[in-house]
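Have a look at work_2.cif below; it lists mmCIF, C-alpha atoms and all ligand atoms.
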data_my_file
#
loop_
_atom_site.label_atom_id
_atom_site.label_comp_id
_atom_site.auth_asym_id
_atom_site.auth_seq_id
_atom_site.Cartn_x
_atom_site.Cartn_y
_atom_site.Cartn_z
CA MET U 136 58.19 132.48 139.10
CA ARG U 137 61.12 132.28 141.42
CA VAL U 138 63.20 129.17 141.86
CA LEU U 139 65.70 128.43 144.61
CA ILE U 140 68.81 126.65 143.40
CA THR U 141 70.45 124.78 146.28
CA GLU U 142 73.91 123.88 145.07
CA ASP U 143 77.31 124.25 146.68
CA ASN U 144 79.21 124.10 143.40
CA GLY U 145 79.27 127.79 142.51
CA GLU U 146 80.02 127.28 138.85
CA LEU U 147 77.22 124.79 138.39
CA ALA U 148 74.81 126.99 140.35
CA SER U 149 75.57 129.96 138.07
CA PHE U 150 75.19 127.78 135.00
CA ILE U 151 71.75 126.64 136.15
CA GLN U 152 70.81 130.19 137.04
CA GLU U 153 71.70 131.38 133.54
CA ALA U 154 69.65 128.60 131.96
CA LEU U 155 66.68 129.46 134.16
CA LYS U 156 67.01 133.08 133.22
CA ARG U 157 66.89 132.24 129.53
CA ALA U 158 63.77 130.20 130.21
CA GLY U 159 62.15 133.18 131.94
CA TYR U 160 62.56 132.13 135.56
CA LEU U 161 64.06 134.18 138.32
CA SER U 162 66.23 132.34 140.77
CA ASP U 163 68.38 132.64 143.84
CA ILE U 164 71.28 130.44 144.84
CA ALA U 165 71.71 128.81 148.25
CA ARG U 166 75.13 127.22 148.78
CA SER U 167 74.14 125.21 151.83
CA ALA U 168 71.17 123.96 153.81
CA GLY U 169 71.64 126.94 156.12
CA GLU U 170 71.38 129.37 153.24
CA LEU U 171 68.32 127.57 151.92
CA LYS U 172 66.62 128.04 155.27
CA LEU U 173 67.38 131.75 155.23
CA ASN U 174 66.10 132.12 151.67
CA LEU U 175 62.89 130.30 152.50
CA LYS U 176 62.29 132.64 155.42
CA GLN U 177 62.62 135.66 153.19
CA LEU U 178 60.79 134.66 150.03
CA ASN U 179 58.18 132.39 148.59
CA TYR U 180 59.59 130.11 145.93
CA SER U 181 57.68 128.34 143.20
CA ALA U 182 60.14 125.44 143.23
CA ILE U 183 63.44 124.28 144.72
CA ILE U 184 66.27 122.55 142.90
CA LEU U 185 68.04 120.52 145.56
CA ASP U 186 71.53 119.06 145.50
CA LEU U 187 71.90 116.23 147.99
CA GLY U 188 75.61 116.62 148.69
CA LEU U 189 75.54 119.88 150.60
CA PRO U 190 78.39 120.98 152.89
CA ASP U 191 76.39 121.30 156.11
CA ILE U 192 73.33 119.03 156.10
CA ASP U 193 72.60 116.25 153.63
CA GLY U 194 69.94 117.20 151.11
CA THR U 195 67.77 114.23 152.03
CA ASN U 196 67.52 115.59 155.58
CA VAL U 197 66.76 119.05 154.24
CA LEU U 198 63.90 117.57 152.23
CA LYS U 199 62.69 115.57 155.21
CA SER U 200 62.51 118.61 157.43
CA LEU U 201 60.80 120.65 154.71
CA ARG U 202 58.06 118.08 154.36
CA ASN U 203 57.83 117.57 158.13
CA SER U 204 57.10 121.26 158.46
CA SER U 205 54.31 120.86 155.86
CA ASN U 206 56.15 122.88 153.24
CA THR U 207 54.76 121.63 149.93
CA VAL U 208 56.98 123.62 147.55
CA PRO U 209 57.85 121.43 144.55
CA VAL U 210 61.35 119.98 144.93
CA LEU U 211 63.51 118.62 142.14
CA ILE U 212 66.51 116.70 143.38
CA LEU U 213 69.58 117.23 141.23
CA THR U 214 72.35 114.95 142.35
CA ALA U 215 75.23 112.71 141.36
CA ARG U 216 73.62 109.88 143.34
CA GLY U 217 72.07 107.95 140.51
CA GLY U 218 71.25 104.61 142.08
CA VAL U 219 67.70 103.32 141.84
CA GLN U 220 67.49 103.17 145.63
CA ASP U 221 68.66 106.79 145.86
CA LYS U 222 65.86 107.83 143.54
CA ILE U 223 63.28 105.83 145.41
CA ASN U 224 64.44 107.31 148.71
CA GLY U 225 64.33 110.83 147.33
CA LEU U 226 60.85 110.44 145.92
CA ASN U 227 59.63 108.72 149.07
CA LEU U 228 60.90 111.62 151.13
CA GLY U 229 58.67 113.95 149.15
CA ALA U 230 60.72 115.06 146.17
CA ASP U 231 58.60 115.76 143.10
CA ASP U 232 61.27 114.83 140.60
CA TYR U 233 64.81 113.50 140.48
CA LEU U 234 67.50 114.22 137.93
CA VAL U 235 70.99 112.72 137.96
CA LYS U 236 74.21 114.61 137.26
CA PRO U 237 75.64 114.97 134.72
CA PHE U 238 72.45 116.27 133.19
CA VAL U 239 71.33 118.09 130.07
CA VAL U 240 70.20 121.54 131.06
CA ASP U 241 67.26 121.50 128.63
CA GLU U 242 65.95 118.44 130.43
CA LEU U 243 66.26 120.20 133.76
CA ILE U 244 64.22 123.14 132.43
CA ALA U 245 61.61 120.85 130.89
CA ARG U 246 61.19 118.94 134.14
CA LEU U 247 61.00 122.15 136.12
CA ARG U 248 58.28 123.44 133.82
CA ALA U 249 56.32 120.27 134.33
CA LEU U 250 56.61 120.72 138.09
CA LEU U 251 55.52 124.32 137.93
CA ARG U 252 52.48 123.39 135.86
CA ARG U 253 51.24 121.03 138.53
CA PRO U 254 50.00 123.54 141.13
CA SER U 255 46.24 123.70 141.29
CA ASN U 256 45.85 127.11 139.72
CA LEU U 257 47.73 126.16 136.58
CA SER U 258 46.13 123.57 134.38
CA SER U 259 47.78 124.93 131.25
CA ASN U 260 50.61 127.23 130.32
CA GLN U 261 48.25 130.13 130.20
CA LEU U 262 47.32 132.60 132.89
CA ASP U 263 44.43 134.88 132.12
CA LYS U 264 42.02 137.45 133.42
CA ASP U 265 39.15 138.68 131.27
CA ASN U 266 40.68 139.45 127.86
CA VAL U 267 44.31 139.49 129.06
CA ALA U 268 46.40 136.33 128.71
CA LEU U 269 50.00 135.40 129.37
CA ASP U 270 51.66 132.23 128.16
CA VAL U 271 54.09 131.44 130.97
CA ILE U 272 56.39 129.46 128.70
CA SER U 273 56.62 131.55 125.56
CA ARG U 274 56.24 134.71 127.73
CA SER U 275 53.85 136.21 125.20
CA VAL U 276 51.12 138.57 126.32
CA THR U 277 47.87 138.98 124.45
CA VAL U 278 44.82 141.17 124.81
CA ASP U 279 41.79 139.87 122.94
CA GLY U 280 44.17 137.40 121.29
CA LYS U 281 46.39 140.14 119.89
CA ASN U 282 50.03 140.28 120.88
CA VAL U 283 51.18 143.03 123.19
CA ILE U 284 54.93 143.62 123.29
CA MET U 285 56.22 143.74 126.84
CA GLY U 286 59.73 143.73 128.25
CA LYS U 287 60.96 141.05 130.66
CA THR U 288 60.26 143.05 133.79
CA GLU U 289 56.87 144.11 132.52
CA THR U 290 55.92 140.53 131.72
CA ALA U 291 57.07 139.43 135.16
CA ILE U 292 54.91 142.12 136.78
CA LEU U 293 51.91 141.06 134.75
CA GLU U 294 52.51 137.41 135.63
CA TYR U 295 52.56 138.18 139.32
CA LEU U 296 49.38 140.23 139.05
CA LEU U 297 47.67 137.52 137.01
CA ARG U 298 48.46 135.07 139.78
CA SER U 299 46.79 137.26 142.37
CA PRO U 300 43.76 138.74 140.59
CA GLY U 301 41.58 140.96 142.74
CA LEU U 302 44.05 140.83 145.61
CA THR U 303 46.10 143.67 146.97
CA VAL U 304 49.69 143.00 146.07
CA SER U 305 52.24 144.82 148.19
CA LYS U 306 55.04 146.71 146.54
CA GLU U 307 57.55 144.59 148.46
CA SER U 308 56.16 141.24 147.39
CA LEU U 309 56.01 142.39 143.80
CA GLU U 310 59.60 143.63 143.96
CA ASN U 311 60.81 140.43 145.56
CA ASN U 312 59.24 138.35 142.87
CA ILE U 313 60.49 140.42 140.01
CA TYR U 314 63.99 141.45 140.74
CA GLN U 315 66.90 139.18 141.33
CA SER U 316 68.34 139.38 144.81
CA GLY U 317 70.99 142.05 144.81
CA TYR U 318 69.47 143.93 141.89
CA GLU U 319 70.06 147.63 142.38
CA LEU U 320 66.60 149.12 142.46
CA THR U 321 66.26 152.78 141.84
CA GLU U 322 63.60 154.20 144.08
CA ASN U 323 60.86 154.35 141.52
CA ALA U 324 61.97 151.58 139.15
CA LEU U 325 59.04 149.37 140.06
CA GLN U 326 56.59 152.23 139.85
CA VAL U 327 57.83 153.11 136.38
CA ALA U 328 57.63 149.52 135.19
CA VAL U 329 54.11 149.09 136.57
CA HIS U 330 53.13 152.31 134.86
CA ARG U 331 54.35 150.92 131.53
CA VAL U 332 52.39 147.70 131.99
CA ARG U 333 49.28 149.67 132.92
CA LYS U 334 49.60 151.88 129.85
CA LYS U 335 50.23 148.99 127.46
CA LEU U 336 47.21 147.13 128.80
CA LYS U 337 45.04 150.20 128.57
CA ASP U 338 46.22 151.04 125.04
CA SER U 339 45.43 147.48 123.95
CA GLY U 340 41.91 147.63 125.31
CA ALA U 341 42.40 145.36 128.31
CA VAL U 342 39.37 144.98 130.58
CA PRO U 343 41.21 144.57 133.90
CA THR U 344 43.24 147.50 135.17
CA ILE U 345 46.09 147.96 137.62
CA THR U 346 45.08 150.32 140.39
CA SER U 347 47.66 151.78 142.74
CA ILE U 348 46.81 151.70 146.39
CA ARG U 349 48.66 154.52 148.04
CA GLY U 350 51.38 153.41 150.41
CA ILE U 351 50.52 149.73 149.95
CA GLY U 352 50.82 148.43 146.44
CA TYR U 353 48.60 147.43 143.57
CA ILE U 354 45.41 145.62 142.74
CA PHE U 355 44.64 144.02 139.40
CA LYS U 356 40.97 143.61 138.61
CA CA W 401 77.19 119.16 146.05
#
How would this structure read if it were set down as structure tokens?
Amino acid sequence: MRVLITEDNGELASFIQEALKRAGYLSDIARSAGELKLNLKQLNYSAIILDLGLPDIDGTNVLKSLRNSSNTVPVLILTARGGVQDKINGLNLGADDYLVKPFVVDELIARLRALLRRPSNLSSNQLDKDNVALDVISRSVTVDGKNVIMGKTETAILEYLLRSPGLTVSKESLENNIYQSGYELTENALQVAVHRVRKKLKDSGAVPTITSIRGIGYIFK
């Protein structure tokens, strides 16, 4: 799960990013509407946290143009504008939630989780395929109900694969979803991590397997 934080206050953006990280979400920071546009071109985000007071274009206009272009990514407005009319406007423009600054970071995370649960393929906190399950909140992985210890990167790989069962997942899209922007990737870091996930699943008696497709990526089925 990758979240785009749109916030021109660098300190606040980093603070939110840290909180998201602790909650198990990857995120990128856009400091302006222009940066948000660039980020959206490059990656698919599961949700956007949107400040309204941006230096270039007002956040309400950013939201308007997102929705006008049929982009349905969940948007949580995070702003100092706390008037009832501001909230109504924001929600009418297509925001999915609205939180007023100053805010309690735990509330932000809780609201974000609620947003991320809404998409059609997620009716609970659990993603599963055959006897493999991942709780997206507690980040615990089980095979046949028994816990399998996986590292953060491994869990993120498994989550991505569980969201695209039976589909070929390219190496690039997997990388983009797993590593923070700017993360220094050694050439075979992803390969090694996938290998570890594959082995742990196999050793635990998982039914689905991760198959490498030469030169393309992986398929989980
Ligand atoms: Ca601002």
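Near region 222-229 of chain U, within a cut-off of 8 Å and counting only C-alpha atoms, sit the residues U:Thr195, U:Leu198, U:Lys199, U:Arg202, U:Val210, U:Ile212, with same-chain residues fewer than 6 positions away left out.
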- prompt: Do you know which residues are within 10 Å of ligand CA 401 (chain W) using all atoms listed in the file? Can you write them as a PyMOL selection string?
  reply: chain U and resi 141-145+147-148+166-167+185-190+193-194+213-215
Take the residues from that selection and put them in a file with C-alpha atoms, as a tab-separated table (two decimals), in the coordinates of the input.
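So the final result, stored in selection.tsv, reads:
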chain	number	residue	atom	x	y	z
U	141	THR	CA	70.45	124.78	146.28
U	142	GLU	CA	73.91	123.88	145.07
U	143	ASP	CA	77.31	124.25	146.68
U	144	ASN	CA	79.21	124.10	143.40
U	145	GLY	CA	79.27	127.79	142.51
U	147	LEU	CA	77.22	124.79	138.39
U	148	ALA	CA	74.81	126.99	140.35
U	166	ARG	CA	75.13	127.22	148.78
U	167	SER	CA	74.14	125.21	151.83
U	185	LEU	CA	68.04	120.52	145.56
U	186	ASP	CA	71.53	119.06	145.50
U	187	LEU	CA	71.90	116.23	147.99
U	188	GLY	CA	75.61	116.62	148.69
U	189	LEU	CA	75.54	119.88	150.60
U	190	PRO	CA	78.39	120.98	152.89
U	193	ASP	CA	72.60	116.25	153.63
U	194	GLY	CA	69.94	117.20	151.11
U	213	LEU	CA	69.58	117.23	141.23
U	214	THR	CA	72.35	114.95	142.35
U	215	ALA	CA	75.23	112.71	141.36
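Interatomic distance, CA of Ile192 (chain U) to CA of Gln152 (chain U): 22.2 Å.
Ranking U:Ile284, U:Leu201, U:Ile272, U:Ala230 by their shortest atom-to-atom distance to Arg331 (chain U), with only C-alpha atoms included, puts U:Ile284 first.
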- request: Might you pull out every residue within 8 Å of region 178-180 of chain U, with all atoms listed in the file counted and same-chain residues fewer than 6 positions away left off, and present them as an MDAnalysis selection string?
  value: chainID U and resid 136:139 208 311
task: Fewer than 6 positions away in the same chain doesn't count, so skip those; otherwise give me all residues within 12 Å of Ser181 (chain U), counting all atoms listed in the file, as a list in words.
output: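 That gives Met136, Arg137, Val138, Leu139, Ile140, Tyr160, Leu161, Ser162, Asp163, Leu175, Asn206, Thr207, Val208, Pro209, Val210, Leu211, Leu247, Arg248, Leu250, Leu251, Arg252, Arg253, Pro254, Tyr295, Arg298 and Asn312 of chain U.
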message: Nearest residue to Gly217 (chain U) out of U:Ser204, U:Phe238, U:Ala328, U:Ser308, using all atoms listed in the file?
response: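 Answer, going by the shortest atom-to-atom distance: U:Phe238.
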field: Straight-line distance linking CA of Asp241 (chain U) with CA of Gln177 (chain U), stated in Å to one decimal
entry: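 Those two atoms sit 28.7 Å apart.
Checking U:Leu296, U:Leu243, U:Val327, U:Ala341 one by one against Lys281 (chain U), counting only C-alpha atoms, you find the shortest gap at U:Ala341.
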task: Please indicate the distance in Å from CA of Ala182 (chain U) to CA of Ala268 (chain U), rounded to one decimal place.
output: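 Computing it gives 22.8 Å between the two atoms.
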message: Can you tell me which residues surround Ile348 (chain U) at a distance of at most 12 Å, considering all atoms listed in the file, apart from same-chain residues fewer than 2 positions away, and format the answer as a ChimeraX atom specification?
response: /U:302-306,326,345-346,350-355
Could all heavy atoms be built for region 143-154 of chain U and written out as a compact mmCIF listing (two decimals), keeping the file's coordinate frame?
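The file below, out-v6.txt, is the result:
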# COMPACT_ATOMS: atom_id res chain seq x y z
N ASP U 143 76.08 123.68 146.12
CA ASP U 143 77.31 124.25 146.68
C ASP U 143 78.41 124.45 145.65
O ASP U 143 79.39 125.13 145.91
CB ASP U 143 77.82 123.38 147.85
CG ASP U 143 78.10 121.95 147.43
OD1 ASP U 143 77.32 121.41 146.63
OD2 ASP U 143 79.09 121.38 147.90
N ASN U 144 78.25 123.86 144.47
CA ASN U 144 79.21 124.10 143.40
C ASN U 144 78.83 125.41 142.70
O ASN U 144 77.83 125.48 141.97
CB ASN U 144 79.17 122.91 142.43
CG ASN U 144 80.10 123.10 141.24
OD1 ASN U 144 80.36 124.23 140.82
ND2 ASN U 144 80.59 122.01 140.70
N GLY U 145 79.61 126.45 142.98
CA GLY U 145 79.27 127.79 142.51
C GLY U 145 79.13 127.89 141.00
O GLY U 145 78.23 128.54 140.50
N GLU U 146 80.03 127.21 140.31
CA GLU U 146 80.02 127.28 138.85
C GLU U 146 78.74 126.65 138.29
O GLU U 146 78.09 127.19 137.41
CB GLU U 146 81.23 126.51 138.32
CG GLU U 146 81.96 127.23 137.20
CD GLU U 146 83.26 126.50 136.90
OE1 GLU U 146 84.19 126.57 137.73
OE2 GLU U 146 83.30 125.84 135.85
N LEU U 147 78.42 125.50 138.84
CA LEU U 147 77.22 124.79 138.39
C LEU U 147 75.97 125.60 138.72
O LEU U 147 75.05 125.73 137.91
CB LEU U 147 77.15 123.40 139.05
CG LEU U 147 75.93 122.56 138.70
CD1 LEU U 147 75.82 122.35 137.19
CD2 LEU U 147 75.97 121.23 139.42
N ALA U 148 75.97 126.19 139.94
CA ALA U 148 74.81 126.99 140.35
C ALA U 148 74.60 128.15 139.38
O ALA U 148 73.47 128.42 138.96
CB ALA U 148 75.02 127.50 141.78
N SER U 149 75.69 128.82 139.00
CA SER U 149 75.57 129.96 138.07
C SER U 149 75.10 129.50 136.70
O SER U 149 74.31 130.18 136.03
CB SER U 149 76.91 130.67 137.90
OG SER U 149 77.39 131.07 139.14
N PHE U 150 75.59 128.34 136.28
CA PHE U 150 75.19 127.78 135.00
C PHE U 150 73.68 127.51 134.98
O PHE U 150 72.98 127.85 134.02
CB PHE U 150 75.98 126.47 134.77
CG PHE U 150 75.55 125.67 133.58
CD1 PHE U 150 75.83 126.11 132.30
CD2 PHE U 150 74.86 124.47 133.75
CE1 PHE U 150 75.43 125.36 131.19
CE2 PHE U 150 74.46 123.72 132.65
CZ PHE U 150 74.75 124.16 131.37
N ILE U 151 73.19 126.92 136.06
CA ILE U 151 71.75 126.64 136.15
C ILE U 151 70.97 127.96 136.18
O ILE U 151 69.95 128.10 135.51
CB ILE U 151 71.43 125.80 137.41
CG1 ILE U 151 72.08 124.43 137.31
CG2 ILE U 151 69.93 125.66 137.61
CD1 ILE U 151 72.02 123.61 138.58
N GLN U 152 71.50 128.91 136.94
CA GLN U 152 70.81 130.19 137.04
C GLN U 152 70.68 130.87 135.67
O GLN U 152 69.63 131.41 135.34
CB GLN U 152 71.55 131.12 138.01
CG GLN U 152 70.81 132.43 138.26
CD GLN U 152 71.33 133.17 139.46
OE1 GLN U 152 72.53 133.38 139.59
NE2 GLN U 152 70.45 133.56 140.36
N GLU U 153 71.74 130.80 134.89
CA GLU U 153 71.70 131.38 133.54
C GLU U 153 70.65 130.70 132.68
O GLU U 153 69.90 131.34 131.94
CB GLU U 153 73.08 131.24 132.87
CG GLU U 153 74.05 132.34 133.21
CD GLU U 153 73.47 133.72 132.95
OE1 GLU U 153 73.00 133.96 131.82
OE2 GLU U 153 73.47 134.56 133.88
N ALA U 154 70.62 129.36 132.76
CA ALA U 154 69.65 128.60 131.96
C ALA U 154 68.22 128.95 132.38
O ALA U 154 67.34 129.09 131.53
CB ALA U 154 69.91 127.10 132.12
